[in-house]
file model.cif (mmCIF, C-alpha atoms)
data_coords
#
loop_
_atom_site.label_atom_id
_atom_site.label_comp_id
_atom_site.auth_asym_id
_atom_site.auth_seq_id
_atom_site.Cartn_x
_atom_site.Cartn_y
_atom_site.Cartn_z
CA MET A 165 -69.61 -8.65 -28.26
CA GLU A 166 -65.93 -7.74 -28.02
CA SER A 167 -64.09 -4.44 -28.06
CA LEU A 168 -60.58 -3.25 -28.81
CA PHE A 169 -58.77 0.06 -28.63
CA ILE A 170 -56.18 0.02 -31.41
CA ASP A 171 -53.05 1.77 -30.19
CA LYS A 172 -51.58 2.58 -33.60
CA GLU A 173 -52.93 5.59 -35.46
CA ILE A 174 -55.12 4.82 -38.47
CA LYS A 175 -56.20 7.38 -41.05
CA TYR A 176 -59.95 6.94 -41.49
CA ILE A 177 -60.81 7.28 -45.18
CA GLY A 178 -64.21 5.58 -45.25
CA SER A 179 -63.14 2.25 -46.72
CA GLN A 180 -62.85 0.84 -43.19
CA LEU A 181 -66.65 0.85 -42.96
CA ALA A 182 -66.88 -2.57 -44.57
CA PRO A 183 -68.10 -6.02 -43.55
CA HIS A 184 -65.51 -8.05 -41.66
CA TRP A 185 -62.97 -5.18 -41.58
CA ILE A 186 -62.57 -5.75 -37.84
CA TYR A 187 -62.18 -9.52 -38.30
CA LYS A 188 -59.73 -9.23 -41.21
CA ASN A 189 -57.52 -6.70 -39.46
CA PHE A 190 -57.84 -7.52 -35.75
CA HIS A 191 -59.08 -11.15 -35.69
CA ILE A 192 -62.26 -10.40 -33.74
CA LEU A 193 -65.01 -12.60 -35.17
CA GLY A 194 -68.64 -11.60 -34.69
CA ASP A 195 -70.23 -8.55 -33.09
CA ALA A 196 -67.51 -6.04 -32.22
CA ILE A 197 -66.69 -2.41 -31.57
CA VAL A 198 -63.21 -0.97 -32.05
CA ALA A 199 -61.76 2.50 -31.57
CA PHE A 200 -58.63 4.21 -32.87
CA THR A 201 -57.26 7.70 -33.38
CA GLY A 202 -55.92 9.38 -36.47
CA GLU A 203 -56.63 11.84 -39.22
CA MET A 204 -59.98 11.58 -41.01
CA ASP A 205 -60.25 12.39 -44.68
CA VAL A 206 -63.30 10.93 -46.45
CA LYS A 207 -63.53 11.81 -50.12
CA ILE A 208 -66.84 11.93 -51.97
CA THR A 209 -66.03 8.60 -53.67
CA GLU A 210 -65.96 6.83 -50.26
CA MET A 211 -69.09 8.50 -48.87
CA VAL A 212 -71.90 6.27 -47.64
CA ASP A 213 -74.25 9.18 -46.86
CA ILE A 214 -75.87 10.04 -50.19
CA GLU A 215 -76.97 13.44 -48.83
CA ASP A 216 -73.29 14.34 -48.34
CA VAL A 217 -72.52 13.13 -51.87
CA ILE A 218 -75.30 15.25 -53.40
CA SER A 219 -74.18 18.33 -51.46
CA ASN A 220 -70.52 17.60 -52.31
CA SER A 221 -69.53 17.68 -48.62
CA PRO A 222 -66.29 15.81 -47.95
CA ILE A 223 -65.38 15.16 -44.32
CA TYR A 224 -62.08 16.12 -42.73
CA SER A 225 -60.58 16.25 -39.25
CA LYS A 226 -56.94 16.71 -38.33
CA LYS A 227 -57.29 14.13 -35.54
CA MET A 228 -60.27 12.11 -34.49
CA VAL A 229 -61.16 9.11 -32.37
CA SER A 230 -63.14 6.74 -34.56
CA PHE A 231 -65.48 3.99 -33.42
CA ILE A 232 -66.34 1.24 -35.86
CA LEU A 233 -69.08 -1.13 -34.85
CA GLU A 234 -70.24 -4.26 -36.65
CA GLN A 235 -73.25 -6.28 -35.53
CA PHE A 236 -74.70 -9.28 -37.32
CA GLY A 237 -78.34 -10.23 -37.68
CA ILE A 238 -79.79 -6.73 -37.43
CA SER A 239 -81.85 -4.69 -39.88
CA LEU A 240 -80.87 -1.27 -41.20
CA SER A 241 -83.50 0.33 -38.95
CA GLU A 242 -82.06 -1.40 -35.89
CA CYS A 243 -78.57 -0.35 -36.96
CA VAL A 244 -79.66 3.30 -37.10
CA LEU A 245 -81.29 2.95 -33.66
CA ARG A 246 -78.05 1.48 -32.30
CA GLN A 247 -76.12 4.36 -33.86
CA ARG A 248 -78.35 6.86 -32.02
CA PHE A 249 -77.93 4.81 -28.85
CA LEU A 250 -74.12 4.98 -29.21
CA ILE A 251 -74.36 8.76 -29.63
CA CYS A 252 -76.40 9.00 -26.39
CA ILE A 253 -73.79 6.91 -24.55
CA ILE A 254 -71.04 9.25 -25.79
CA ILE A 255 -72.99 12.28 -24.56
CA GLU A 256 -73.49 10.67 -21.14
CA GLU A 257 -69.75 9.94 -20.89
CA LEU A 258 -68.94 13.53 -21.91
CA ARG A 259 -71.27 14.87 -19.22
CA LYS A 260 -69.60 12.65 -16.60
CA ILE A 261 -66.28 14.32 -17.38
CA LEU A 262 -67.39 17.87 -18.19
CA GLY A 263 -70.34 18.26 -15.83
CA ASP A 264 -72.33 21.40 -16.63
CA LYS A 265 -69.38 23.29 -18.09
CA TYR A 266 -70.79 23.04 -21.65
CA GLN A 267 -74.20 22.62 -23.19
CA ILE A 268 -74.06 19.36 -25.16
CA ARG A 269 -76.89 18.42 -27.47
CA ARG A 270 -77.77 15.76 -29.98
CA SER A 271 -79.42 16.48 -33.30
CA GLY A 272 -80.12 13.20 -35.03
CA ASP A 273 -76.78 11.41 -35.08
CA ASP A 274 -74.70 14.58 -34.53
CA ILE A 275 -73.27 15.92 -31.27
CA PHE A 276 -72.91 19.67 -30.79
CA VAL A 277 -71.16 21.50 -27.97
CA ASN A 278 -71.97 25.12 -27.22
CA ILE A 279 -68.70 26.99 -26.72
CA ASP A 280 -68.94 30.73 -26.02
CA GLY A 281 -72.47 30.87 -27.43
CA VAL A 282 -71.66 28.98 -30.64
CA ASP A 283 -72.80 25.41 -31.36
CA LYS A 284 -69.79 23.52 -32.67
CA LYS A 285 -69.94 20.06 -34.19
CA LEU A 286 -68.03 17.39 -32.28
CA SER A 287 -68.99 14.30 -34.24
CA VAL A 288 -69.68 12.62 -37.54
CA SER A 289 -71.60 9.37 -37.76
CA ILE A 290 -73.14 7.02 -40.28
CA ALA A 291 -74.98 3.71 -40.07
CA THR A 292 -75.41 1.36 -42.99
CA LYS A 293 -76.07 -2.25 -43.83
CA SER A 294 -73.84 -4.69 -45.66
CA THR A 295 -75.05 -8.01 -47.03
CA THR A 296 -74.01 -9.65 -43.76
CA SER A 297 -74.10 -7.05 -40.98
CA GLY A 298 -74.99 -3.63 -39.68
CA LEU A 299 -72.09 -1.16 -39.69
CA ILE A 300 -71.62 2.08 -37.78
CA HIS A 301 -68.83 4.64 -37.88
CA THR A 302 -68.82 7.44 -35.34
CA GLY A 303 -65.94 9.87 -35.12
CA LEU A 304 -65.26 12.52 -32.50
CA ASN A 305 -62.85 15.34 -33.24
CA ILE A 306 -59.79 15.41 -31.01
CA ASP A 307 -58.37 18.38 -32.93
CA ALA A 308 -60.91 19.93 -35.32
CA THR A 309 -58.37 22.12 -37.15
CA GLY A 310 -59.30 22.26 -40.83
CA ALA A 311 -62.85 20.92 -40.40
CA PRO A 312 -65.16 22.23 -43.14
CA VAL A 313 -67.81 23.31 -40.58
CA PRO A 314 -67.63 25.06 -37.18
CA ALA A 315 -66.28 22.22 -35.04
CA CYS A 316 -64.66 21.49 -31.70
CA GLY A 317 -62.25 18.87 -30.40
CA LEU A 318 -62.19 16.65 -27.33
CA SER A 319 -58.65 17.70 -26.43
CA THR A 320 -58.20 21.11 -28.04
CA ASP A 321 -61.50 22.61 -26.88
CA LEU A 322 -62.93 20.39 -24.13
CA GLY A 323 -59.71 19.48 -22.32
CA ILE A 324 -60.17 15.71 -22.56
CA VAL A 325 -56.62 14.48 -23.04
CA ASP A 326 -57.01 10.80 -22.09
CA VAL A 327 -58.92 9.90 -25.23
CA LYS A 328 -58.06 6.20 -24.95
CA THR A 329 -59.74 5.83 -21.54
CA PHE A 330 -62.72 7.86 -22.78
CA ALA A 331 -63.07 5.58 -25.82
CA GLN A 332 -62.73 2.43 -23.72
CA ASN A 333 -65.44 3.68 -21.35
CA VAL A 334 -67.77 4.33 -24.29
CA MET A 335 -67.13 0.86 -25.73
CA ASN A 336 -67.61 -0.84 -22.35
CA ARG A 337 -70.89 1.00 -21.82
CA TYR A 338 -72.11 0.02 -25.27
CA ILE A 339 -71.28 -3.65 -24.67
CA GLU A 340 -72.95 -3.64 -21.24
CA GLU A 341 -76.09 -1.99 -22.60
CA ASN A 342 -76.14 -4.43 -25.52
CA LYS A 343 -75.96 -7.33 -23.05
CA GLU A 344 -78.76 -5.85 -20.94
CA ILE A 345 -80.95 -5.40 -24.04
CA LEU A 346 -80.49 -9.08 -24.88
CA GLU A 347 -81.26 -10.09 -21.28
CA ALA A 348 -84.38 -7.91 -21.28
CA THR A 349 -85.67 -9.72 -24.38
CA CYS A 350 -85.04 -13.12 -22.77
CA LYS A 351 -86.69 -12.55 -19.38
CA VAL A 352 -90.21 -11.69 -20.49
CA ARG A 353 -93.01 -13.97 -21.63
CA GLY A 354 -94.95 -13.24 -24.78
CA VAL A 355 -98.52 -11.95 -24.54
#
call {"tool": "encode", "arguments": {"input": "model.cif", "output": "structure tokens"}}
result
Amino acid sequence: MESLFIDKEIKYIGSQLAPHWIYKNFHILGDAIVAFTGEMDVKITEMVDIEDVISNSPIYSKKMVSFILEQFGISLSECVLRQRFLICIIIEELRKILGDKYQIRRSGDDIFVNIDGVDKKLSVSIATKSTTSGLIHTGLNIDATGAPVPACGLSTDLGIVDVKTFAQNVMNRYIEENKEILEATCKVRGV
């Protein structure tokens, strides 16, 4: 599995959650995770989460760090498990930086940070399956201005200004854990 932090800003509109988007745009073939920053504006027509479509809940963030992950040969259930695993890695990395300054919790695939007694949403995430691969998008607000729900940002609220290093650490951890999962499946005998 390979990773890449894309230095140019990209506006995430939902269409990037597509098979081979990473390969077509960044020439990384196979399992990969990439990250980039930029505005996020997902209209109902680009929504993958049918619950959001039914409730007419578009997604917006003034600036976000987005992770797009594509893995081949996995089921939708495994893709959702990997999505939750990615969320847990992000929370662990946040706690390394922030310590006990904030209460951070996961609810499903969402991350909330308690700021002054109010739970504010830090993330959006979706996992889906294409005909060839499992796809995950997870976005973390950098600046949550204009978000349609009570939200917080990595930089504006939590003081994390080196978003690139944070994103690279998350991607490296995901790749290492992915490698260790594979090794764990290879080192045991069947019973």
call {"tool": "atom_distance", "arguments": {"input": "model.cif", "atom1": "atom CA of Glu234 of chain A", "atom2": "atom CA of Pro222 of chain A"}}
result
23.4 Å
call {"tool": "atom_distance", "arguments": {"input": "model.cif", "atom1": "atom CA of Arg248 of chain A", "atom2": "atom CA of Ile290 of chain A"}}
result
9.8 Å
call {"tool": "resolve_selection", "arguments": {"input": "model.cif", "expression": "the PyMOL selection byres ((chain A and resi 187-196) around 7)", "output": "short mmCIF file (atom, residue, chain, number, x, y, z; two decimals) with C-alpha atoms, keeping the file's coordinate frame"}}
result
data_model
loop_
_atom_site.label_atom_id
_atom_site.label_comp_id
_atom_site.auth_asym_id
_atom_site.auth_seq_id
_atom_site.Cartn_x
_atom_site.Cartn_y
_atom_site.Cartn_z
CA MET A 165 -69.61 -8.65 -28.26
CA GLU A 166 -65.93 -7.74 -28.02
CA SER A 167 -64.09 -4.44 -28.06
CA HIS A 184 -65.51 -8.05 -41.66
CA TRP A 185 -62.97 -5.18 -41.58
CA ILE A 186 -62.57 -5.75 -37.84
CA ILE A 197 -66.69 -2.41 -31.57
CA VAL A 198 -63.21 -0.97 -32.05
CA LEU A 233 -69.08 -1.13 -34.85
CA GLU A 234 -70.24 -4.26 -36.65
CA GLN A 235 -73.25 -6.28 -35.53
CA PHE A 236 -74.70 -9.28 -37.32
#
call {"tool": "residues_near_point", "arguments": {"input": "model.cif", "point": "(-68.0, 22.0, -20.6)", "cutoff": "9 Å", "atoms": "all atoms listed in the file", "output": "number ranges by chain"}}
result
A: 258-259, 261-268, 277-279, 322-323
call {"tool": "residues_around", "arguments": {"input": "model.cif", "residues": "Ile238 of chain A", "least_positions_apart": "5", "cutoff": "7 Å", "atoms": "only C-alpha atoms", "output": "NGL selection string"}}
result
:A and (243 or 297-298)
call {"tool": "closest_residue", "arguments": {"input": "model.cif", "among": "A:Thr292, A:Ser225, A:Gln180, A:Ser239", "to": "Asp213 of chain A", "atoms": "only C-alpha atoms"}}
result
A:Thr292
call {"tool": "atom_distance", "arguments": {"input": "model.cif", "atom1": "atom CA of Lys226 of chain A", "atom2": "atom CA of Gly178 of chain A"}}
result
15.0 Å
call {"tool": "closest_atom_pairs", "arguments": {"input": "model.cif", "of": "segment 195-308 of chain A", "to": "segment 330-352 of chain A", "cutoff": "8 Å", "atoms": "only C-alpha atoms", "output": "tab-separated table"}}
result
residue	atom	partner	partner_atom	distance
A:Ile197	CA	A:Met335	CA	6.7
A:Val198	CA	A:Met335	CA	7.7
A:Ala199	CA	A:Ala331	CA	6.7
A:Val229	CA	A:Ala331	CA	7.7
A:Leu250	CA	A:Tyr338	CA	6.6
A:Ile253	CA	A:Val334	CA	6.6
A:Ile254	CA	A:Val334	CA	6.1
A:Glu257	CA	A:Val334	CA	6.9
call {"tool": "closest_residue", "arguments": {"input": "model.cif", "among": "A:Met204, A:Leu168, A:Ile218, A:Leu245", "to": "Ser230 of chain A", "atoms": "only C-alpha atoms"}}
result
A:Met204
call {"tool": "resolve_selection", "arguments": {"input": "model.cif", "expression": "the PyMOL selection byres ((chain A and resi 179) around 9)", "output": "count of residues only"}}
result
9
call {"tool": "closest_residue", "arguments": {"input": "model.cif", "among": "A:Ile251, A:Ile170, A:Val288, A:Met228", "to": "Ile306 of chain A", "atoms": "all atoms listed in the file"}}
result
A:Met228
call {"tool": "closest_residue", "arguments": {"input": "model.cif", "among": "A:Ile300, A:Asn305, A:Cys252, A:Ile214", "to": "Ser319 of chain A", "atoms": "all atoms listed in the file"}}
result
A:Asn305
call {"tool": "closest_residue", "arguments": {"input": "model.cif", "among": "A:Lys207, A:Val355, A:Ser289, A:Tyr224", "to": "Asp274 of chain A", "atoms": "all atoms listed in the file"}}
result
A:Ser289
call {"tool": "closest_residue", "arguments": {"input": "model.cif", "among": "A:Thr329, A:Thr302, A:Ser219, A:Ser287", "to": "Ser271 of chain A", "atoms": "only C-alpha atoms"}}
result
A:Ser287
